[in-house]
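Written out below as structure tokens is the structure these notes cover.
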Amino acid sequence: MTARPGGDGRPLVVVLGASGFIGSPLTRALAGRPVRLRLVARRATPVPDGALAETEVRTADLAAPGAIAEAVEGADAVFHLVAATEAGWRVTEDDTAAERLNVGLVRDLVAALAARRQGPRRPVVVFPSTTTHLGGGPGGTVDPADVKSPYVRQKLLAENVLAAATAEGVLRGVPLCLPTVFGHGPATTAPDRGVVAAMTRRALAGEPLTVWGDGSVRRDLVHVDDVVEALLAAHDHADRLSGTHWEIGTGTGVTLLSLFTGIAEAVAARTGNPAVPVVTVPPPDHADPADSEDVVVDPEPFRTVTGWRARVELGDALRRTAAALAPAAGHWGGTGPV
């Protein structure tokens, strides 16, 4: 990557949403690179010990007018990790705040980079998206009007904004379409709001794990450590990847019934208590259309370009998650609740 003119020879990398679930381990990885690193989030982001990068920490409400432009001033690369996550990915049609975060901030980012565009220099923008293009492969097109899930539609609209800006020469946008991301451990300081952590906490509390429907829906689960490596690979190969989306995952589907059973067994092994039951229940009225769809991605095109592949094995990761969450839940191996 070309360094910013007038700098100290090192490129400026900006992480928006640096204190989040993906942002925290990404920050640790980037801190080991010879870059200038700007970490921006609503809460202060710890600077990793022994950081090689020259690191600046900013706290900001990125939804405020002008906040994005200030955050990315002078950036050579931007990892845009901000999304509406307070309610997970369950967004209603009338949730304007979620639309502002999921789509509006991408528009702000493009406008900010376009306003200070100089010569041929085009910053890299890496954007974690969702699995909106299954079956189409890289470069496939989907009409947002055909997408039933509001959250998925918003992510697709944001991808389209980046694609248009890339075509116009404003930036090099690389959206990565992620399936279910999970994980918890020393490399992750922010809590995981995802289904794996939620079910692990429930099992630690001795509660049954409930699966909607018959549990046959399949999911591709990718560990946050693998996601971080994919984000870095996307940045490093931006010239070959920019302009279209890329699917990231293991390429293998796991039924939710099998997943929840694995979680129950991992917690039982950690606590010494019997595994909690896994029961099937009818989907609730508030279920999203995407809840009933299989999600198994094809990471091979991305691997061909970058060499990346998912390496964290699911069973081992479930055991690590149980071990990480057990102390916080008041459980210790062989004793049960305390």
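Following the order of the structure tokens, chains are lettered A, B, ..., residues in each are numbered from 1, and ligands are numbered from 1.
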### Distance query Ala268 in chain A at most 10 Å, only C-alpha atoms, self and fewer than 4 positions along chain excluded, as a list of chain:residue names
A:Ala203, A:Leu204, A:Gly206, A:Gly262, A:Ile263, A:Ala264, A:Gly272, A:Asn273, A:Pro274, A:Ala275, A:Val276, A:Arg319, A:Ala322, A:Gly333, A:Gly334, A:Gly336
### Query
Which one is closest to Val228 in chain A: A:Ala167, A:Val297, A:Leu81, A:Ala323? Count only C-alpha atoms.
A:Leu81
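Omitting Val254 in chain A and its sequence neighbours fewer than 3 positions away, and counting only C-alpha atoms, the residues within 7 Å are Arg218, Arg219, Asp220, Ser258 and Leu259 of chain A.
Comparing the minimum interatomic distances between Thr200 in chain A and each of A:Thr261, A:Thr304, A:Thr27, A:Thr59, counting only C-alpha atoms, we find that A:Thr261 sits nearest.
Shortest atom-to-atom contact with Glu300 in chain A among A:Asp108, A:Glu247, A:Glu168, A:Glu159: A:Glu247, counting only C-alpha atoms.
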### Query
Among range 16-109 of chain A, which residues carry a DSSP assignment of alpha helix (DSSP H), reported as an MDAnalysis selection string?
chainID A and resid 23:30 67:71 96:99 105:109
Closest atom pairs, range 282-321 of chain A residues within 9 Å of range 234-243 of chain A, only C-alpha atoms, as a Markdown table:
| residue | atom | partner | partner_atom | distance |
| --- | --- | --- | --- | --- |
| A:Phe302 | CA | A:Leu241 | CA | 8.3 |
| A:Val305 | CA | A:Arg240 | CA | 7.5 |
| A:Thr306 | CA | A:His237 | CA | 6.6 |
### Task
Could you tell me how far CA of Ala310 in chain A lies from CA of Ala324 in chain A, in Å and to one decimal?
21.0 Å
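The nearest approach to Gly251 in chain A among the residues A:Leu178, A:Val161, A:Ala69, A:Ala77, with only C-alpha atoms taken into account, belongs to A:Leu178.
Interatomic distance, CA of Trp308 in chain A against CA of Ala233 in chain A: 7.0 Å.
Minimum atom-to-atom distance to Val217 in chain A, evaluated using only C-alpha atoms, belongs to A:Asp291 out of A:Ala197, A:Gly173, A:Pro277, A:Asp291.
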### Task
Would you please extract all strand (DSSP E or B) residues from range 149-260 of chain A, as assigned by DSSP on the backbone, and give them as JSON, numbers by chain?
{"A": [172, 173, 174, 175, 176, 177, 178, 180, 181, 182, 209, 210, 211, 212, 218, 219, 221, 222, 223, 246, 247, 254, 255]}
Could you dump the residues just selected with N, CA and C atoms as a PDB file, in the first residue's frame?
ATOM      1  N   ARG A 172     -10.982   1.687  -3.306  1.00  0.00           N
ATOM      2  CA  ARG A 172     -10.951   0.266  -3.661  1.00  0.00           C
ATOM      3  C   ARG A 172     -11.744  -0.466  -2.586  1.00  0.00           C
ATOM      4  N   GLY A 173     -13.004  -0.756  -2.869  1.00  0.00           N
ATOM      5  CA  GLY A 173     -13.885  -1.369  -1.892  1.00  0.00           C
ATOM      6  C   GLY A 173     -13.855  -2.885  -1.987  1.00  0.00           C
ATOM      7  N   VAL A 174     -13.715  -3.543  -0.825  1.00  0.00           N
ATOM      8  CA  VAL A 174     -13.703  -5.005  -0.768  1.00  0.00           C
ATOM      9  C   VAL A 174     -14.707  -5.470   0.283  1.00  0.00           C
ATOM     10  N   PRO A 175     -15.947  -5.758  -0.092  1.00  0.00           N
ATOM     11  CA  PRO A 175     -16.914  -6.319   0.852  1.00  0.00           C
ATOM     12  C   PRO A 175     -16.682  -7.826   1.021  1.00  0.00           C
ATOM     13  N   LEU A 176     -16.670  -8.278   2.258  1.00  0.00           N
ATOM     14  CA  LEU A 176     -16.563  -9.694   2.562  1.00  0.00           C
ATOM     15  C   LEU A 176     -17.893 -10.173   3.131  1.00  0.00           C
ATOM     16  N   CYS A 177     -18.516 -11.124   2.475  1.00  0.00           N
ATOM     17  CA  CYS A 177     -19.812 -11.641   2.912  1.00  0.00           C
ATOM     18  C   CYS A 177     -19.592 -12.742   3.936  1.00  0.00           C
ATOM     19  N   LEU A 178     -19.977 -12.467   5.182  1.00  0.00           N
ATOM     20  CA  LEU A 178     -19.719 -13.376   6.292  1.00  0.00           C
ATOM     21  C   LEU A 178     -20.972 -14.132   6.689  1.00  0.00           C
ATOM     22  N   THR A 180     -22.285 -16.934   9.886  1.00  0.00           N
ATOM     23  CA  THR A 180     -22.311 -16.774  11.340  1.00  0.00           C
ATOM     24  C   THR A 180     -20.889 -16.691  11.875  1.00  0.00           C
ATOM     25  N   VAL A 181     -20.560 -15.558  12.515  1.00  0.00           N
ATOM     26  CA  VAL A 181     -19.239 -15.363  13.107  1.00  0.00           C
ATOM     27  C   VAL A 181     -19.351 -15.620  14.608  1.00  0.00           C
ATOM     28  N   PHE A 182     -18.406 -16.363  15.153  1.00  0.00           N
ATOM     29  CA  PHE A 182     -18.462 -16.666  16.578  1.00  0.00           C
ATOM     30  C   PHE A 182     -17.054 -16.730  17.141  1.00  0.00           C
ATOM     31  N   LEU A 209     -31.514 -25.734  25.698  1.00  0.00           N
ATOM     32  CA  LEU A 209     -31.235 -24.979  24.480  1.00  0.00           C
ATOM     33  C   LEU A 209     -32.361 -25.243  23.496  1.00  0.00           C
ATOM     34  N   THR A 210     -33.006 -24.184  23.036  1.00  0.00           N
ATOM     35  CA  THR A 210     -34.162 -24.334  22.156  1.00  0.00           C
ATOM     36  C   THR A 210     -33.779 -24.037  20.712  1.00  0.00           C
ATOM     37  N   VAL A 211     -34.190 -24.929  19.824  1.00  0.00           N
ATOM     38  CA  VAL A 211     -33.950 -24.790  18.392  1.00  0.00           C
ATOM     39  C   VAL A 211     -35.286 -24.542  17.708  1.00  0.00           C
ATOM     40  N   TRP A 212     -35.338 -23.510  16.867  1.00  0.00           N
ATOM     41  CA  TRP A 212     -36.574 -23.224  16.142  1.00  0.00           C
ATOM     42  C   TRP A 212     -36.781 -24.255  15.038  1.00  0.00           C
ATOM     43  N   ARG A 218     -29.143 -25.393   8.120  1.00  0.00           N
ATOM     44  CA  ARG A 218     -27.687 -25.510   8.164  1.00  0.00           C
ATOM     45  C   ARG A 218     -27.032 -24.131   8.152  1.00  0.00           C
ATOM     46  N   ARG A 219     -25.972 -24.010   8.929  1.00  0.00           N
ATOM     47  CA  ARG A 219     -25.219 -22.769   9.012  1.00  0.00           C
ATOM     48  C   ARG A 219     -23.728 -23.045   8.807  1.00  0.00           C
ATOM     49  N   LEU A 221     -20.333 -21.734  10.048  1.00  0.00           N
ATOM     50  CA  LEU A 221     -19.819 -20.944  11.162  1.00  0.00           C
ATOM     51  C   LEU A 221     -18.334 -20.689  10.965  1.00  0.00           C
ATOM     52  N   VAL A 222     -17.933 -19.424  11.058  1.00  0.00           N
ATOM     53  CA  VAL A 222     -16.531 -19.066  10.892  1.00  0.00           C
ATOM     54  C   VAL A 222     -16.069 -18.332  12.144  1.00  0.00           C
ATOM     55  N   HIS A 223     -14.926 -18.757  12.677  1.00  0.00           N
ATOM     56  CA  HIS A 223     -14.412 -18.196  13.927  1.00  0.00           C
ATOM     57  C   HIS A 223     -13.867 -16.793  13.694  1.00  0.00           C
ATOM     58  N   TRP A 246     -17.001 -10.956  -1.824  1.00  0.00           N
ATOM     59  CA  TRP A 246     -16.348 -12.257  -1.710  1.00  0.00           C
ATOM     60  C   TRP A 246     -16.899 -12.987  -0.493  1.00  0.00           C
ATOM     61  N   GLU A 247     -17.216 -14.264  -0.691  1.00  0.00           N
ATOM     62  CA  GLU A 247     -17.766 -15.055   0.405  1.00  0.00           C
ATOM     63  C   GLU A 247     -16.645 -15.625   1.276  1.00  0.00           C
ATOM     64  N   VAL A 254     -23.409 -26.847   9.132  1.00  0.00           N
ATOM     65  CA  VAL A 254     -23.701 -27.611  10.342  1.00  0.00           C
ATOM     66  C   VAL A 254     -25.155 -27.354  10.704  1.00  0.00           C
ATOM     67  N   THR A 255     -25.939 -28.404  10.962  1.00  0.00           N
ATOM     68  CA  THR A 255     -27.324 -28.169  11.354  1.00  0.00           C
ATOM     69  C   THR A 255     -27.359 -27.503  12.724  1.00  0.00           C
TER      70      THR A 255
END
